[in-house]
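final_34.txt (compact mmCIF, C-alpha atoms)
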```txt
# COMPACT_ATOMS: atom_id res chain seq x y z
CA ASP C 429 0.00 0.00 0.00
CA SER C 430 1.62 3.22 -1.23
CA GLY C 431 -0.57 5.51 0.86
CA VAL C 432 -2.03 7.14 -2.25
CA THR C 433 -5.76 6.57 -2.62
CA GLN C 434 -7.87 6.89 -5.74
CA THR C 435 -11.61 6.72 -6.21
CA PRO C 436 -13.49 5.24 -7.84
CA LYS C 437 -11.69 2.02 -8.67
CA HIS C 438 -13.79 1.42 -11.77
CA LEU C 439 -15.91 3.76 -13.85
CA ILE C 440 -18.11 2.84 -16.79
CA THR C 441 -19.75 5.61 -18.76
CA ALA C 442 -20.94 6.56 -22.22
CA THR C 443 -19.43 8.69 -24.94
CA GLY C 444 -20.01 12.39 -24.51
CA GLN C 445 -20.25 12.17 -20.74
CA ARG C 446 -18.12 13.85 -18.08
CA VAL C 447 -16.43 12.14 -15.13
CA THR C 448 -14.31 13.15 -12.17
CA LEU C 449 -11.49 11.05 -10.77
CA ARG C 450 -10.26 11.74 -7.29
CA CYS C 451 -6.85 11.30 -5.69
CA SER C 452 -5.60 11.72 -2.14
CA PRO C 453 -1.81 11.91 -1.86
CA ARG C 454 0.32 10.37 0.84
CA SER C 455 0.33 12.29 4.07
CA GLY C 456 2.83 15.14 3.77
CA ASP C 457 3.25 14.97 0.00
CA LEU C 458 2.76 18.27 -1.77
CA SER C 459 3.09 17.13 -5.38
CA VAL C 460 0.41 15.24 -7.27
CA TYR C 461 0.85 13.79 -10.76
CA TRP C 462 -1.67 12.25 -13.14
CA TYR C 463 -0.78 9.57 -15.66
CA GLN C 464 -2.78 7.68 -18.25
CA GLN C 465 -2.02 4.06 -19.10
CA SER C 466 -3.45 2.62 -22.30
CA LEU C 467 -2.51 -0.31 -24.47
CA ASP C 468 -1.51 1.80 -27.46
CA GLN C 469 0.17 4.75 -25.70
CA GLY C 470 1.62 3.09 -22.62
CA LEU C 471 2.11 5.24 -19.52
CA GLN C 472 1.84 8.93 -20.33
CA PHE C 473 2.27 11.89 -18.04
CA LEU C 474 -0.72 14.22 -18.03
CA ILE C 475 -0.24 16.96 -15.47
CA GLN C 476 1.46 17.87 -12.18
CA TYR C 477 0.39 20.06 -9.29
CA TYR C 478 2.53 21.27 -6.43
CA ASN C 479 0.87 22.71 -3.37
CA GLY C 480 -2.16 23.80 -5.32
CA GLU C 481 -0.42 25.20 -8.37
CA GLU C 482 -0.02 23.63 -11.78
CA ARG C 483 3.68 22.94 -12.37
CA ALA C 484 3.99 20.80 -15.48
CA LYS C 485 1.79 19.72 -18.31
CA GLY C 486 2.19 16.74 -20.59
CA ASN C 487 0.04 15.23 -23.27
CA ILE C 488 -3.21 16.28 -21.69
CA LEU C 489 -6.17 16.89 -23.97
CA GLU C 490 -8.08 20.16 -23.79
CA ARG C 491 -11.15 18.13 -22.78
CA PHE C 492 -9.28 17.13 -19.63
CA SER C 493 -8.58 19.38 -16.67
CA ALA C 494 -7.32 18.97 -13.15
CA GLN C 495 -6.95 20.86 -9.93
CA GLN C 496 -5.42 20.45 -6.51
CA PHE C 497 -7.37 21.64 -3.52
CA PRO C 498 -6.13 23.29 -0.28
CA ASP C 499 -6.24 19.93 1.50
CA LEU C 500 -3.93 18.68 -1.30
CA HIS C 501 -6.29 16.17 -2.80
CA SER C 502 -6.61 16.38 -6.55
CA GLU C 503 -9.32 15.79 -9.11
CA LEU C 504 -9.00 14.98 -12.79
CA ASN C 505 -12.00 15.97 -14.87
CA LEU C 506 -12.58 14.28 -18.20
CA SER C 507 -15.33 15.67 -20.44
CA SER C 508 -16.87 14.91 -23.83
CA LEU C 509 -15.58 11.40 -23.40
CA GLU C 510 -14.59 9.34 -26.41
CA LEU C 511 -14.02 5.62 -26.78
CA GLY C 512 -10.28 6.26 -26.95
CA ASP C 513 -10.29 7.74 -23.46
CA SER C 514 -10.80 4.28 -22.01
CA ALA C 515 -7.68 3.65 -19.95
CA LEU C 516 -6.24 3.25 -16.50
CA TYR C 517 -5.65 6.61 -14.84
CA PHE C 518 -3.04 6.78 -12.14
CA CYS C 519 -2.35 9.40 -9.58
CA ALA C 520 1.07 9.64 -7.96
CA SER C 521 2.42 11.82 -5.22
CA SER C 522 5.81 12.93 -4.00
CA GLU C 523 7.11 14.95 -1.12
CA GLY C 524 8.54 17.73 -3.23
CA GLN C 525 9.24 18.21 -6.88
CA ALA C 526 12.36 16.07 -7.24
CA ASN C 527 11.56 12.97 -5.24
CA GLU C 528 10.38 9.50 -6.01
CA GLN C 529 6.73 9.23 -6.94
CA PHE C 530 4.36 6.81 -5.24
CA PHE C 531 1.45 5.57 -7.28
CA GLY C 532 -2.12 4.91 -6.33
CA PRO C 533 -4.04 1.80 -7.42
CA GLY C 534 -5.57 3.60 -10.40
CA THR C 535 -9.04 4.20 -11.76
CA ARG C 536 -10.07 2.08 -14.71
CA LEU C 537 -12.27 4.11 -17.03
CA THR C 538 -14.36 2.36 -19.64
CA VAL C 539 -16.19 4.50 -22.18
CA LEU C 540 -18.92 2.67 -24.09
CA ALA R 1045 12.95 14.58 -26.88
CA GLN R 1046 13.16 12.42 -23.84
CA SER R 1047 12.68 8.71 -24.39
CA VAL R 1048 13.10 5.43 -22.59
CA THR R 1049 13.63 2.14 -24.37
CA GLN R 1050 13.00 -1.27 -22.94
CA PRO R 1051 14.01 -3.51 -25.81
CA ASP R 1052 12.47 -6.70 -24.46
CA ILE R 1053 8.67 -6.86 -24.50
CA HIS R 1054 8.59 -10.33 -22.95
CA ILE R 1055 11.18 -12.30 -21.01
CA THR R 1056 10.78 -15.83 -19.67
CA VAL R 1057 13.15 -17.19 -17.05
CA SER R 1058 13.17 -20.30 -14.92
CA GLU R 1059 12.59 -20.00 -11.22
CA GLY R 1060 15.94 -19.66 -9.48
CA ALA R 1061 17.68 -18.30 -12.57
CA SER R 1062 19.20 -14.85 -12.74
CA LEU R 1063 17.43 -11.95 -14.42
CA GLU R 1064 18.47 -8.81 -16.23
CA LEU R 1065 15.98 -6.35 -17.70
CA ARG R 1066 17.40 -3.72 -19.99
CA CYS R 1067 16.64 -0.02 -20.01
CA ASN R 1068 18.20 2.70 -22.15
CA TYR R 1069 17.28 6.35 -22.04
CA SER R 1070 17.76 9.47 -24.07
CA TYR R 1071 17.57 12.60 -21.99
CA GLY R 1072 18.88 16.12 -22.35
CA ALA R 1073 19.40 16.60 -18.63
CA THR R 1074 20.84 14.84 -15.61
CA PRO R 1075 18.31 12.08 -15.08
CA TYR R 1076 16.70 10.49 -12.11
CA LEU R 1077 16.07 6.82 -12.81
CA PHE R 1078 13.49 4.43 -11.47
CA TRP R 1079 12.21 0.91 -11.83
CA TYR R 1080 8.57 0.16 -11.07
CA VAL R 1081 6.72 -3.15 -11.04
CA GLN R 1082 3.06 -3.67 -11.90
CA SER R 1083 1.17 -6.87 -11.16
CA PRO R 1084 -2.02 -7.54 -13.12
CA GLY R 1085 -4.79 -5.19 -12.07
CA GLN R 1086 -2.51 -3.41 -9.64
CA GLY R 1087 -0.83 -0.05 -9.38
CA LEU R 1088 2.85 0.66 -9.81
CA GLN R 1089 5.20 -0.21 -7.00
CA LEU R 1090 8.58 1.48 -6.75
CA LEU R 1091 11.39 -1.08 -6.79
CA LEU R 1092 14.39 1.23 -6.67
CA LYS R 1093 15.66 4.66 -7.57
CA TYR R 1094 18.83 6.46 -8.58
CA PHE R 1095 19.33 10.16 -8.00
CA SER R 1096 23.09 10.48 -7.58
CA GLY R 1097 26.09 8.86 -5.93
CA ASP R 1098 26.81 5.15 -6.01
CA THR R 1099 25.81 3.87 -9.43
CA LEU R 1100 24.79 0.45 -8.09
CA VAL R 1101 21.53 0.79 -6.20
CA GLN R 1102 19.70 -1.76 -4.13
CA GLY R 1103 15.96 -2.01 -4.03
CA ILE R 1104 13.20 -4.05 -2.52
CA LYS R 1105 12.57 -7.74 -3.15
CA GLY R 1106 16.25 -8.43 -3.84
CA PHE R 1107 16.47 -6.28 -6.96
CA GLU R 1108 19.39 -4.06 -7.88
CA ALA R 1109 20.18 -1.77 -10.80
CA GLU R 1110 23.30 -0.20 -12.19
CA PHE R 1111 23.46 3.25 -13.75
CA LYS R 1112 25.96 3.49 -16.60
CA ARG R 1113 26.14 7.05 -17.85
CA SER R 1114 28.41 6.18 -20.78
CA GLN R 1115 25.87 3.69 -22.06
CA SER R 1116 22.76 5.66 -21.02
CA SER R 1117 21.54 2.51 -19.34
CA PHE R 1118 19.91 1.52 -16.09
CA ASN R 1119 19.51 -2.25 -16.16
CA LEU R 1120 17.61 -4.13 -13.49
CA ARG R 1121 19.01 -7.36 -12.09
CA LYS R 1122 18.09 -10.09 -9.67
CA PRO R 1123 20.35 -13.07 -8.90
CA SER R 1124 17.58 -15.61 -8.33
CA VAL R 1125 14.03 -15.14 -9.58
CA HIS R 1126 11.00 -16.31 -7.63
CA TRP R 1127 7.64 -17.23 -9.17
CA SER R 1128 6.11 -14.23 -7.41
CA ASP R 1129 8.33 -11.91 -9.48
CA ALA R 1130 6.17 -12.52 -12.55
CA ALA R 1131 4.80 -9.09 -13.42
CA GLU R 1132 5.41 -6.17 -15.77
CA TYR R 1133 8.43 -3.99 -15.13
CA PHE R 1134 8.75 -0.36 -16.13
CA CYS R 1135 11.84 1.78 -16.32
CA ALA R 1136 11.21 5.50 -15.86
CA VAL R 1137 13.27 8.64 -16.15
CA GLY R 1138 12.71 12.07 -14.68
CA ALA R 1139 14.66 15.28 -14.36
CA ARG R 1140 14.27 18.47 -12.42
CA GLU R 1141 14.69 20.41 -15.66
CA TYR R 1142 11.53 18.80 -17.02
CA GLY R 1143 9.41 19.40 -13.96
CA ASN R 1144 10.05 15.95 -12.55
CA LYS R 1145 7.49 14.31 -14.81
CA LEU R 1146 8.32 10.67 -15.44
CA VAL R 1147 8.84 9.28 -18.91
CA PHE R 1148 8.20 5.55 -18.95
CA GLY R 1149 9.45 2.76 -21.13
CA ALA R 1150 6.95 0.43 -22.78
CA GLY R 1151 7.48 -2.20 -20.11
CA THR R 1152 8.85 -5.74 -20.01
CA ILE R 1153 6.56 -8.60 -19.08
CA LEU R 1154 8.39 -11.20 -17.01
CA ARG R 1155 7.20 -14.77 -17.02
CA VAL R 1156 8.67 -17.24 -14.57
CA LYS R 1157 8.54 -20.93 -15.35
CA SER R 1158 8.84 -23.59 -12.71
```

How does the structure come out when it is put into structure tokens?
Amino acid sequence: DSGVTQTPKHLITATGQRVTLRCSPRSGDLSVYWYQQSLDQGLQFLIQYYNGEERAKGNILERFSAQQFPDLHSELNLSSLELGDSALYFCASSEGQANEQFFGPGTRLTVL
Amino acid sequence: AQSVTQPDIHITVSEGASLELRCNYSYGATPYLFWYVQSPGQGLQLLLKYFSGDTLVQGIKGFEAEFKRSQSSFNLRKPSVHWSDAAEYFCAVGAREYGNKLVFGAGTILRVKS
């Protein structure tokens, strides 16, 4: 158990819908990262927040957005969902900005 | 562009045999290097990390890795594999200059035969 929690574990929805994935970092960690794992793209970095502020952006679609709240939990919002958005979404956290990242169990999103 | 190559998609070893998983990276900055393991349906567990210093690093579950700057490699090794080591292994690279995001290799699936 890494100490990073993600909810929900599974999510099944339809095309065009919007979903929110939630992540709670390890106690004391200020950085939160979101990654997408799919069969064709592998593990891809989406976005990073540090203490509430966006710090780095990767291959994140405009339909996707994220935020980190004052209690340091983070949410990833996915809208206008397409079949290709079906993937495993991981959250990771680290103490600072140059430390090892600890991953949560992931949320498996299925878009039908 | 930053990239990580794991040349072996699948590797099969016998239980008790030694293991080496290869990882090569291309990075324009001083890298941090990691190995993660993922069991089916599970998240990623950190096996070991290299930030600086001794280029041979020890990790959990008896794994070790050696950083070779001249070869841009960070290969993972284990002297004697156990059946429970069957999983998918990912090499990852990060750097402060790139905001500490991790770039992952495509993964190597390890099968252990008894």

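Residue list for chain R within 8 Å of chain C: Gln1086, Gly1087, Leu1088, Gln1089, Leu1090, Lys1093, Ala1139, Arg1140, Tyr1142, Gly1143, Asn1144, Lys1145, Leu1146, Val1147, Phe1148, Gly1149 and Ala1150 of chain R, counting all atoms listed in the file.
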
(request) For CA of Ser452 in chain C and CA of Gln496 in chain C, determine how far apart the two atoms are, in Å to one decimal place. (result) 9.8 Å

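Closest approach to Ser1158 in chain R among R:Ala1061, R:Val1081, R:Ile1053, R:Leu1091 is made by R:Ala1061 (distances from all atoms listed in the file).
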
(message) Within 8 Å of (18.5, 11.4, -10.4) (file coordinates; only C-alpha atoms), which protein or nucleic acid residues are there? I'd like them as a PyMOL selection string.
(response) chain R and resi 1074-1077+1093-1096+1138-1139

Take the residues that were just selected and, keeping C-alpha atoms, output them as an mmCIF file, keeping the file's coordinate frame.
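Output file part35.cif follows:
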```
data_model
loop_
_atom_site.group_PDB
_atom_site.id
_atom_site.type_symbol
_atom_site.label_atom_id
_atom_site.label_comp_id
_atom_site.auth_asym_id
_atom_site.auth_seq_id
_atom_site.Cartn_x
_atom_site.Cartn_y
_atom_site.Cartn_z
ATOM 1 C CA THR R 1074 20.840 14.840 -15.610
ATOM 2 C CA PRO R 1075 18.310 12.080 -15.080
ATOM 3 C CA TYR R 1076 16.700 10.490 -12.110
ATOM 4 C CA LEU R 1077 16.070 6.820 -12.810
ATOM 5 C CA LYS R 1093 15.660 4.660 -7.570
ATOM 6 C CA TYR R 1094 18.830 6.460 -8.580
ATOM 7 C CA PHE R 1095 19.330 10.160 -8.000
ATOM 8 C CA SER R 1096 23.090 10.480 -7.580
ATOM 9 C CA GLY R 1138 12.710 12.070 -14.680
ATOM 10 C CA ALA R 1139 14.660 15.280 -14.360
#
```

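Residue nearest Leu439 in chain C within the list C:Ser466, C:Asn487, C:Ser521, C:Ser514: C:Ser514 [criterion: smallest interatomic distance, only C-alpha atoms].
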
Determine the axis-aligned bounding box of all atoms of range 1048-1053 of chain R present in the file, pad each side by 3 Å, and express its centre and edge lengths in Å to one decimal place as lines of an AutoDock Vina configuration file.
```
center_x = 11.3
center_y = -0.7
center_z = -24.2
size_x = 11.3
size_y = 18.3
size_z = 9.2
```

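Between Ile1104 in chain R and the residues R:Gly1072, R:Phe1118, R:Tyr1080, R:Val1048, the shortest atom-to-atom distance, using only C-alpha atoms, involves R:Tyr1080.
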
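Nearest-residue note for Tyr1069 in chain R: choosing from R:Thr1152, R:Gln1050, R:Ser1124, R:Ser1083, the minimum distance belongs to R:Gln1050, counting only C-alpha atoms.
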
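If you look at CA of Glu523 in chain C and CA of Leu449 in chain C, they are 21.3 Å away from each other.
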
(message) Please compute the CA of Ser522 in chain C-CA of Asp457 in chain C distance, one decimal, in Å.
(response) 5.2 Å

(message) Which polymer residues, whether protein, DNA or RNA, lie within 7 Å of the coordinate (14.6, -9.1, -17.5) when you count only C-alpha atoms? List them as a PyMOL selection string, using the chain letters and numbers from the file.
(response) chain R and resi 1055+1063-1066+1154

(message) Here is a test: counting only C-alpha atoms, which residue of R:Gly1103, R:Pro1123, R:Gly1060, R:Gly1085 is nearest to Lys437 in chain C?
(response) R:Gly1085

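Nearest to Gln465 in chain C of all the residues R:Gly1151, R:Val1101, R:Tyr1071, R:Ser1058 is R:Gly1151, counting only C-alpha atoms.
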
Please produce range 1122-1144 of chain R, completed to N, CA and C atoms, as an mmCIF file, in the coordinates of the input.
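Written output follows (out38.cif):
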```cif
data_model
loop_
_atom_site.group_PDB
_atom_site.id
_atom_site.type_symbol
_atom_site.label_atom_id
_atom_site.label_comp_id
_atom_site.auth_asym_id
_atom_site.auth_seq_id
_atom_site.Cartn_x
_atom_site.Cartn_y
_atom_site.Cartn_z
ATOM 1 N N LYS R 1122 18.400 -9.322 -10.869
ATOM 2 C CA LYS R 1122 18.090 -10.090 -9.670
ATOM 3 C C LYS R 1122 18.813 -11.422 -9.804
ATOM 4 N N PRO R 1123 19.540 -11.848 -8.774
ATOM 5 C CA PRO R 1123 20.350 -13.070 -8.900
ATOM 6 C C PRO R 1123 19.536 -14.351 -8.984
ATOM 7 N N SER R 1124 18.375 -14.381 -8.342
ATOM 8 C CA SER R 1124 17.580 -15.610 -8.330
ATOM 9 C C SER R 1124 16.100 -15.229 -8.331
ATOM 10 N N VAL R 1125 15.425 -15.557 -9.404
ATOM 11 C CA VAL R 1125 14.030 -15.140 -9.580
ATOM 12 C C VAL R 1125 13.078 -16.097 -8.888
ATOM 13 N N HIS R 1126 12.049 -15.536 -8.301
ATOM 14 C CA HIS R 1126 11.000 -16.310 -7.630
ATOM 15 C C HIS R 1126 9.737 -16.227 -8.478
ATOM 16 N N TRP R 1127 8.867 -17.227 -8.353
ATOM 17 C CA TRP R 1127 7.640 -17.230 -9.170
ATOM 18 C C TRP R 1127 6.816 -15.962 -8.938
ATOM 19 N N SER R 1128 6.902 -15.412 -7.726
ATOM 20 C CA SER R 1128 6.110 -14.230 -7.410
ATOM 21 C C SER R 1128 6.645 -12.963 -8.095
ATOM 22 N N ASP R 1129 7.797 -13.066 -8.759
ATOM 23 C CA ASP R 1129 8.330 -11.910 -9.480
ATOM 24 C C ASP R 1129 7.669 -11.712 -10.834
ATOM 25 N N ALA R 1130 6.853 -12.662 -11.262
ATOM 26 C CA ALA R 1130 6.170 -12.520 -12.550
ATOM 27 C C ALA R 1130 5.266 -11.289 -12.511
ATOM 28 N N ALA R 1131 5.511 -10.369 -13.418
ATOM 29 C CA ALA R 1131 4.800 -9.090 -13.420
ATOM 30 C C ALA R 1131 5.321 -8.299 -14.633
ATOM 31 N N GLU R 1132 4.881 -7.059 -14.738
ATOM 32 C CA GLU R 1132 5.410 -6.170 -15.770
ATOM 33 C C GLU R 1132 6.292 -5.121 -15.108
ATOM 34 N N TYR R 1133 7.433 -4.884 -15.700
ATOM 35 C CA TYR R 1133 8.430 -3.990 -15.130
ATOM 36 C C TYR R 1133 8.631 -2.781 -16.022
ATOM 37 N N PHE R 1134 8.612 -1.617 -15.398
ATOM 38 C CA PHE R 1134 8.750 -0.360 -16.130
ATOM 39 C C PHE R 1134 9.958 0.405 -15.646
ATOM 40 N N CYS R 1135 10.744 0.852 -16.593
ATOM 41 C CA CYS R 1135 11.840 1.780 -16.320
ATOM 42 C C CYS R 1135 11.301 3.189 -16.554
ATOM 43 N N ALA R 1136 11.692 4.122 -15.713
ATOM 44 C CA ALA R 1136 11.210 5.500 -15.860
ATOM 45 C C ALA R 1136 12.332 6.480 -15.592
ATOM 46 N N VAL R 1137 12.254 7.601 -16.265
ATOM 47 C CA VAL R 1137 13.270 8.640 -16.150
ATOM 48 C C VAL R 1137 12.591 9.971 -15.851
ATOM 49 N N GLY R 1138 13.200 10.729 -14.973
ATOM 50 C CA GLY R 1138 12.710 12.070 -14.680
ATOM 51 C C GLY R 1138 13.887 13.005 -14.563
ATOM 52 N N ALA R 1139 13.601 14.281 -14.538
ATOM 53 C CA ALA R 1139 14.660 15.280 -14.360
ATOM 54 C C ALA R 1139 14.038 16.555 -13.840
ATOM 55 N N ARG R 1140 14.767 17.219 -12.972
ATOM 56 C CA ARG R 1140 14.270 18.470 -12.420
ATOM 57 C C ARG R 1140 14.002 19.479 -13.535
ATOM 58 N N GLU R 1141 14.826 19.444 -14.562
ATOM 59 C CA GLU R 1141 14.690 20.410 -15.660
ATOM 60 C C GLU R 1141 13.373 20.234 -16.403
ATOM 61 N N TYR R 1142 12.787 19.048 -16.330
ATOM 62 C CA TYR R 1142 11.530 18.800 -17.020
ATOM 63 C C TYR R 1142 10.370 18.703 -16.046
ATOM 64 N N GLY R 1143 10.517 19.347 -14.900
ATOM 65 C CA GLY R 1143 9.410 19.400 -13.960
ATOM 66 C C GLY R 1143 9.166 18.110 -13.227
ATOM 67 N N ASN R 1144 10.132 17.203 -13.291
ATOM 68 C CA ASN R 1144 10.050 15.950 -12.550
ATOM 69 C C ASN R 1144 8.976 15.002 -13.069
#
```
